[in-house]
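Worksheet: the structure to be examined is printed underneath.
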Amino acid sequence: MPGRGRCPDCGSTELVEDSHYSQSQLVCSDCGCVVTEGVLTTTFSDEGNLREVTYSRSTGENEQVSRSQQRGLRRVRDLCRVLQLPPTFEDTAVAYYQQAYRHSGIRAARLQKKEVLVGCCVLITCRQHNWPLTMGAICTLLYADLDVFSSTYMQIVKLLGLDVPSLCLAELVKTYCSSFKLFQASPSVPAKYVEDKEKMLSRTLQLVELANETWLVTGRHPLPVITAATFLAWQSLQPADRLSCSLARFCKLANVDLPYPASSRLQELLAVLLRMAEQLAWLRVLRLDKRSVVKHIGDLLQHRQSLVRSAFRDGTAEVETREKEPPGWGQGQGEGEVGNNSLGLPQGKRPASPALLLPPCMLKSPKRICPAPPVSTVTGDENISDSEIEQYLRTPQEVRDFQRAQAARQAATSVPNPP
């Protein structure tokens, strides 16, 4: 048989395959010599060139997959199909899972971490393809703990050296708001609480952009901010019927969980809106509070850019301006402003200065309790005992000097006083 090599005994090329039980052999048809017996090969070229390959280098070694890894790969594919991801996403997530499983730290991890690894690979794939998927949605599908998931996610990103872009805030708003059960009438949602999806989404996006411009999103989890913005957008579209609804009841009607910082984010958003309302003359006379300002959110968002510039000032720019001002310049300027009564203020009263546009963590820095310094009773004039002074002697010369000084002192004390 040509192309199969030659017989080492007679040099014939008539080699045939002879299956002996389950073992394939190459036998010379002219002299009957067994040319190969039980050869493991990786490719057809190796088999044609009659090159033996050890089992550790063969494909049989590499194709062995543990049960845990097989179960994880099935879970990755099942999760991609549940989320209706494209086939390319599924292949990428499977490849990431296989790469992560090669590390000994992942193979020896607990079962809970291996289950979370499935969601991490899918989430990384979606983030790289700009697919709107949140970490909370994955945790809900896998019944996983959010803290364990986030720590495993960061570990896998660092372990594999992946470049994962952050999720676009607008896409996150669209995905999160789509899960709200307020866009169609149902027995659990009254008709007055049903809202058009496009209107609510448009206003929520504007409020989230406002929160981003005023440092309410930076360094924080985005879902509490989005929840508070969605609640305000929903209230502002029909304030007469919805002002009496609380944030907790709103989340219950929408069938979403209430993040515990959402109430704080809501108060911060309302404070920003009140600052902006003070810049409009027709709203300044109404003396709005955090409840009534919701009715005018549409007007405030319409003039958002100019109102934010007039209601807030840049803290960094102010510090630089103060450094450049000559001494005594502010006093004369202030006297002129006090005397100016064009704004309708009482005589001698200045207009309120704009608030600093800084992150909340810098405006309200946490107070740290400074411990009182320990009271020391050591003055430095205390006498050092002979047993303690040995701790301060370091060299033999110091020891000899100390012994000489002790002998001199004893000699001086033993000499009687002259009459």
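Each chain in the structure tokens gets a letter, A, B and so on, in the order shown; residues start at 1 in every chain, and ligands are counted from 1 in the order they appear.
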Margin query: I need the residues in region 60-284 of chain A that are helix (DSSP H, G or I) according to DSSP; give them as a ChimeraX atom specification.
Written below: /A:60-62,67-82,87-101,104-107,111-128,135-142,146-160,169-178,191-193,197-213,222-237,239-242,247-254,262-277,281-284
Check: Hey, what does DSSP flag as strand (DSSP E or B) within region 100-347 of chain A? Can you give it to me as an MDAnalysis selection string?
Finding: chainID A and resid 186 189 312:314
Take the residues just selected and output them with all heavy atoms as an mmCIF file, in the first residue's frame.
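Generated output (out-v3.cif):
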data_model
loop_
_atom_site.group_PDB
_atom_site.id
_atom_site.type_symbol
_atom_site.label_atom_id
_atom_site.label_comp_id
_atom_site.auth_asym_id
_atom_site.auth_seq_id
_atom_site.Cartn_x
_atom_site.Cartn_y
_atom_site.Cartn_z
ATOM 1 N N SER A 186 -52.617 45.497 35.268
ATOM 2 C CA SER A 186 -52.719 44.150 35.835
ATOM 3 C C SER A 186 -53.481 44.252 37.145
ATOM 4 O O SER A 186 -53.682 45.357 37.681
ATOM 5 C CB SER A 186 -51.328 43.547 36.045
ATOM 6 O OG SER A 186 -50.599 44.290 36.992
ATOM 7 N N VAL A 189 -51.491 46.187 39.748
ATOM 8 C CA VAL A 189 -51.099 47.563 39.449
ATOM 9 C C VAL A 189 -52.344 48.350 39.067
ATOM 10 O O VAL A 189 -52.977 48.050 38.043
ATOM 11 C CB VAL A 189 -50.062 47.619 38.298
ATOM 12 C CG1 VAL A 189 -49.653 49.057 38.017
ATOM 13 C CG2 VAL A 189 -48.840 46.784 38.649
ATOM 14 N N PHE A 312 -24.486 75.618 40.904
ATOM 15 C CA PHE A 312 -23.276 75.035 41.492
ATOM 16 C C PHE A 312 -22.061 75.712 40.903
ATOM 17 O O PHE A 312 -22.081 76.222 39.782
ATOM 18 C CB PHE A 312 -23.212 73.523 41.218
ATOM 19 C CG PHE A 312 -24.371 72.758 41.780
ATOM 20 C CD1 PHE A 312 -25.476 72.465 40.984
ATOM 21 C CD2 PHE A 312 -24.373 72.329 43.093
ATOM 22 C CE1 PHE A 312 -26.545 71.769 41.480
ATOM 23 C CE2 PHE A 312 -25.445 71.618 43.607
ATOM 24 C CZ PHE A 312 -26.533 71.336 42.806
ATOM 25 N N ARG A 313 -20.990 75.697 41.655
ATOM 26 C CA ARG A 313 -19.726 76.227 41.176
ATOM 27 C C ARG A 313 -18.659 75.169 41.378
ATOM 28 O O ARG A 313 -18.757 74.319 42.264
ATOM 29 C CB ARG A 313 -19.354 77.509 41.911
ATOM 30 C CG ARG A 313 -19.059 77.338 43.392
ATOM 31 C CD ARG A 313 -18.761 78.694 44.027
ATOM 32 N NE ARG A 313 -18.285 78.554 45.397
ATOM 33 C CZ ARG A 313 -19.067 78.460 46.459
ATOM 34 N NH1 ARG A 313 -20.374 78.478 46.312
ATOM 35 N NH2 ARG A 313 -18.549 78.352 47.671
ATOM 36 N N ASP A 314 -17.629 75.257 40.565
ATOM 37 C CA ASP A 314 -16.549 74.275 40.606
ATOM 38 C C ASP A 314 -15.647 74.578 41.790
ATOM 39 O O ASP A 314 -15.088 75.673 41.900
ATOM 40 C CB ASP A 314 -15.744 74.333 39.306
ATOM 41 C CG ASP A 314 -14.779 73.162 39.188
ATOM 42 O OD1 ASP A 314 -14.701 72.370 40.139
ATOM 43 O OD2 ASP A 314 -14.106 73.067 38.148
#
Notebook entry, point to check: With only C-alpha atoms as the atoms that count, which of A:Tyr260, A:Tyr96, A:Phe183, A:Phe231 lies nearest to Leu123 (chain A)?
Noted result: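 The shortest atom-to-atom distance to Leu123 (chain A) comes from A:Tyr96.
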Mind checking which residues fall within 9 Å of Ile138 (chain A), counting only C-alpha atoms, ignoring those fewer than 6 positions away in the same chain, and posting them as a compact mmCIF listing (two decimals) with C-alpha atoms, in the first residue's frame?
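Saved file out_4.txt follows:
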# COMPACT_ATOMS: atom_id res chain seq x y z
CA GLY A 119 -21.86 33.51 35.51
CA CYS A 120 -18.57 35.43 35.58
CA VAL A 122 -20.89 34.95 30.68
CA LEU A 123 -20.86 38.44 32.21
CA ALA A 144 -25.62 33.32 43.90
Next item on the list: May I have the residues within 9 Å of Lys197 (chain A) as a PyMOL selection string, using only C-alpha atoms and disregarding those fewer than 4 positions away in the same chain?
Entry: chain A and resi 177-178+182-183+201-202
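Near Leu258 (chain A), within a cut-off of 8 Å and counting only C-alpha atoms, sit the residues Pro224, Thr227, Ala248, Cys251, Val256, Tyr260 and Ala262 of chain A, with same-chain residues fewer than 2 positions away left out.
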Filtering to N, CA, C and O atoms, could you give me those residues as an mmCIF file, in the first residue's frame?
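And here is the file that came out, again.cif:
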data_model
loop_
_atom_site.group_PDB
_atom_site.id
_atom_site.type_symbol
_atom_site.label_atom_id
_atom_site.label_comp_id
_atom_site.auth_asym_id
_atom_site.auth_seq_id
_atom_site.Cartn_x
_atom_site.Cartn_y
_atom_site.Cartn_z
ATOM 1 N N PRO A 224 -28.972 51.800 42.790
ATOM 2 C CA PRO A 224 -29.756 52.672 43.675
ATOM 3 C C PRO A 224 -30.052 54.036 43.060
ATOM 4 O O PRO A 224 -31.152 54.575 43.254
ATOM 5 N N THR A 227 -32.774 53.512 40.473
ATOM 6 C CA THR A 227 -34.062 53.281 41.135
ATOM 7 C C THR A 227 -34.677 54.597 41.603
ATOM 8 O O THR A 227 -35.871 54.848 41.406
ATOM 9 N N ALA A 248 -40.832 52.587 48.672
ATOM 10 C CA ALA A 248 -40.961 51.153 48.955
ATOM 11 C C ALA A 248 -42.174 50.558 48.247
ATOM 12 O O ALA A 248 -42.104 49.452 47.680
ATOM 13 N N CYS A 251 -41.465 50.204 44.436
ATOM 14 C CA CYS A 251 -40.672 49.023 44.095
ATOM 15 C C CYS A 251 -41.500 47.751 44.214
ATOM 16 O O CYS A 251 -41.316 46.802 43.430
ATOM 17 N N VAL A 256 -39.632 44.857 41.791
ATOM 18 C CA VAL A 256 -38.169 44.907 41.838
ATOM 19 C C VAL A 256 -37.749 45.072 43.291
ATOM 20 O O VAL A 256 -38.519 45.545 44.133
ATOM 21 N N TYR A 260 -30.931 49.208 49.444
ATOM 22 C CA TYR A 260 -30.998 49.980 50.686
ATOM 23 C C TYR A 260 -30.436 51.403 50.557
ATOM 24 O O TYR A 260 -30.911 52.297 51.260
ATOM 25 N N ALA A 262 -31.018 53.381 48.111
ATOM 26 C CA ALA A 262 -31.860 54.131 47.167
ATOM 27 C C ALA A 262 -32.536 55.318 47.851
ATOM 28 O O ALA A 262 -32.717 56.370 47.223
#
Next item on the list: Write out as a list in words each polymer residue whose atoms come within 9 Å of region 203-219 of chain A, counting only C-alpha atoms; drop sequence neighbours fewer than 6 positions from it.
Entry: Leu169, Ala170, Val173, Lys174, Cys177, Val225, Ile226, Ala229, Thr230, Phe231, Leu232, Ala233, Trp234, Leu237, Arg265, Glu268, Leu269, Val272, Gly298, Leu301, Arg304, Gln305, Val308, Phe312, Leu357, Leu358, Pro359 and Pro360 of chain A
Quick one: write out the picked residues with N, CA, C and O atoms as an mmCIF file, in the first residue's frame?
data_model
loop_
_atom_site.group_PDB
_atom_site.id
_atom_site.type_symbol
_atom_site.label_atom_id
_atom_site.label_comp_id
_atom_site.auth_asym_id
_atom_site.auth_seq_id
_atom_site.Cartn_x
_atom_site.Cartn_y
_atom_site.Cartn_z
ATOM 1 N N LEU A 169 -23.912 53.531 30.981
ATOM 2 C CA LEU A 169 -24.971 53.859 31.935
ATOM 3 C C LEU A 169 -26.331 53.932 31.246
ATOM 4 O O LEU A 169 -27.340 53.499 31.811
ATOM 5 N N ALA A 170 -26.383 54.443 30.026
ATOM 6 C CA ALA A 170 -27.666 54.535 29.315
ATOM 7 C C ALA A 170 -28.229 53.152 29.009
ATOM 8 O O ALA A 170 -29.426 52.900 29.163
ATOM 9 N N VAL A 173 -29.629 51.664 32.161
ATOM 10 C CA VAL A 173 -30.940 52.230 32.500
ATOM 11 C C VAL A 173 -32.042 51.559 31.678
ATOM 12 O O VAL A 173 -33.094 51.180 32.210
ATOM 13 N N LYS A 174 -31.808 51.390 30.387
ATOM 14 C CA LYS A 174 -32.816 50.764 29.528
ATOM 15 C C LYS A 174 -33.084 49.318 29.953
ATOM 16 O O LYS A 174 -34.238 48.876 30.011
ATOM 17 N N CYS A 177 -34.864 49.332 33.582
ATOM 18 C CA CYS A 177 -36.245 49.839 33.575
ATOM 19 C C CYS A 177 -37.180 48.910 32.795
ATOM 20 O O CYS A 177 -38.387 48.916 33.044
ATOM 21 N N VAL A 225 -29.099 54.602 42.313
ATOM 22 C CA VAL A 225 -29.330 55.897 41.665
ATOM 23 C C VAL A 225 -30.399 55.762 40.583
ATOM 24 O O VAL A 225 -31.284 56.615 40.456
ATOM 25 N N ILE A 226 -30.335 54.676 39.805
ATOM 26 C CA ILE A 226 -31.329 54.469 38.751
ATOM 27 C C ILE A 226 -32.713 54.237 39.362
ATOM 28 O O ILE A 226 -33.730 54.721 38.837
ATOM 29 N N ALA A 229 -34.014 57.626 40.416
ATOM 30 C CA ALA A 229 -34.363 58.438 39.243
ATOM 31 C C ALA A 229 -35.637 57.925 38.582
ATOM 32 O O ALA A 229 -36.482 58.720 38.137
ATOM 33 N N THR A 230 -35.801 56.609 38.520
ATOM 34 C CA THR A 230 -37.021 56.046 37.929
ATOM 35 C C THR A 230 -38.245 56.418 38.762
ATOM 36 O O THR A 230 -39.317 56.729 38.219
ATOM 37 N N PHE A 231 -38.108 56.390 40.076
ATOM 38 C CA PHE A 231 -39.221 56.761 40.954
ATOM 39 C C PHE A 231 -39.617 58.216 40.757
ATOM 40 O O PHE A 231 -40.814 58.545 40.665
ATOM 41 N N LEU A 232 -38.643 59.122 40.670
ATOM 42 C CA LEU A 232 -38.956 60.536 40.460
ATOM 43 C C LEU A 232 -39.559 60.767 39.079
ATOM 44 O O LEU A 232 -40.490 61.580 38.932
ATOM 45 N N ALA A 233 -39.044 60.070 38.057
ATOM 46 C CA ALA A 233 -39.611 60.218 36.714
ATOM 47 C C ALA A 233 -41.053 59.732 36.681
ATOM 48 O O ALA A 233 -41.921 60.360 36.049
ATOM 49 N N TRP A 234 -41.321 58.631 37.346
ATOM 50 C CA TRP A 234 -42.680 58.084 37.387
ATOM 51 C C TRP A 234 -43.627 59.024 38.127
ATOM 52 O O TRP A 234 -44.764 59.234 37.699
ATOM 53 N N LEU A 237 -44.514 62.425 36.065
ATOM 54 C CA LEU A 237 -45.391 62.351 34.889
ATOM 55 C C LEU A 237 -46.856 62.510 35.257
ATOM 56 O O LEU A 237 -47.638 63.053 34.473
ATOM 57 N N ARG A 265 -30.015 58.108 47.920
ATOM 58 C CA ARG A 265 -29.828 58.680 46.586
ATOM 59 C C ARG A 265 -31.033 59.543 46.202
ATOM 60 O O ARG A 265 -30.884 60.555 45.509
ATOM 61 N N GLU A 268 -30.661 62.929 47.873
ATOM 62 C CA GLU A 268 -29.626 63.721 47.211
ATOM 63 C C GLU A 268 -30.113 64.284 45.879
ATOM 64 O O GLU A 268 -29.814 65.440 45.534
ATOM 65 N N LEU A 269 -30.867 63.496 45.125
ATOM 66 C CA LEU A 269 -31.436 64.001 43.871
ATOM 67 C C LEU A 269 -32.419 65.136 44.124
ATOM 68 O O LEU A 269 -32.432 66.139 43.395
ATOM 69 N N VAL A 272 -30.573 68.338 44.842
ATOM 70 C CA VAL A 272 -30.056 68.953 43.612
ATOM 71 C C VAL A 272 -31.176 69.675 42.866
ATOM 72 O O VAL A 272 -30.994 70.799 42.371
ATOM 73 N N GLY A 298 -40.079 68.458 34.999
ATOM 74 C CA GLY A 298 -40.023 68.658 33.542
ATOM 75 C C GLY A 298 -39.400 69.991 33.166
ATOM 76 O O GLY A 298 -38.564 70.068 32.246
ATOM 77 N N LEU A 301 -35.563 69.959 34.015
ATOM 78 C CA LEU A 301 -34.764 69.178 33.074
ATOM 79 C C LEU A 301 -34.665 69.861 31.713
ATOM 80 O O LEU A 301 -33.690 69.659 30.982
ATOM 81 N N ARG A 304 -31.667 72.166 32.058
ATOM 82 C CA ARG A 304 -30.753 71.503 32.980
ATOM 83 C C ARG A 304 -29.348 72.087 32.935
ATOM 84 O O ARG A 304 -28.742 72.378 33.979
ATOM 85 N N GLN A 305 -28.800 72.274 31.754
ATOM 86 C CA GLN A 305 -27.417 72.702 31.634
ATOM 87 C C GLN A 305 -27.188 74.068 32.271
ATOM 88 O O GLN A 305 -26.256 74.257 33.064
ATOM 89 N N VAL A 308 -27.703 74.010 36.207
ATOM 90 C CA VAL A 308 -26.601 73.383 36.951
ATOM 91 C C VAL A 308 -25.416 74.332 37.033
ATOM 92 O O VAL A 308 -24.757 74.445 38.087
ATOM 93 N N PHE A 312 -24.486 75.618 40.904
ATOM 94 C CA PHE A 312 -23.276 75.035 41.492
ATOM 95 C C PHE A 312 -22.061 75.712 40.903
ATOM 96 O O PHE A 312 -22.081 76.222 39.782
ATOM 97 N N LEU A 357 -19.702 72.256 43.618
ATOM 98 C CA LEU A 357 -19.988 71.070 42.815
ATOM 99 C C LEU A 357 -18.881 70.055 43.071
ATOM 100 O O LEU A 357 -17.890 69.969 42.346
ATOM 101 N N LEU A 358 -19.034 69.290 44.141
ATOM 102 C CA LEU A 358 -18.058 68.301 44.561
ATOM 103 C C LEU A 358 -18.759 66.999 44.883
ATOM 104 O O LEU A 358 -19.975 66.984 45.137
ATOM 105 N N PRO A 359 -18.044 65.879 44.886
ATOM 106 C CA PRO A 359 -18.666 64.613 45.287
ATOM 107 C C PRO A 359 -19.177 64.686 46.719
ATOM 108 O O PRO A 359 -18.610 65.384 47.563
ATOM 109 N N PRO A 360 -20.263 63.976 47.034
ATOM 110 C CA PRO A 360 -20.799 64.008 48.404
ATOM 111 C C PRO A 360 -19.800 63.561 49.453
ATOM 112 O O PRO A 360 -19.853 64.021 50.591
#
Next item on the list: Find the spatial neighbours of Asp30 (chain A), counting only C-alpha atoms, within a cut-off of 12 Å - ignore same-chain residues fewer than 4 positions away - and output them as a ChimeraX atom specification.
Entry: /A:1,6-16,34-35
Check: Any idea what the distance is between CA of Cys245 (chain A) and CA of Ala137 (chain A)?
Finding: 26.3 Å
Next item on the list: Pick out the closest residue to Arg77 (chain A) from this set: A:Leu273, A:Val27, A:Val118, A:Leu111. Count only C-alpha atoms.
Entry: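 Closest to Arg77 (chain A) of all the choices is A:Val118.
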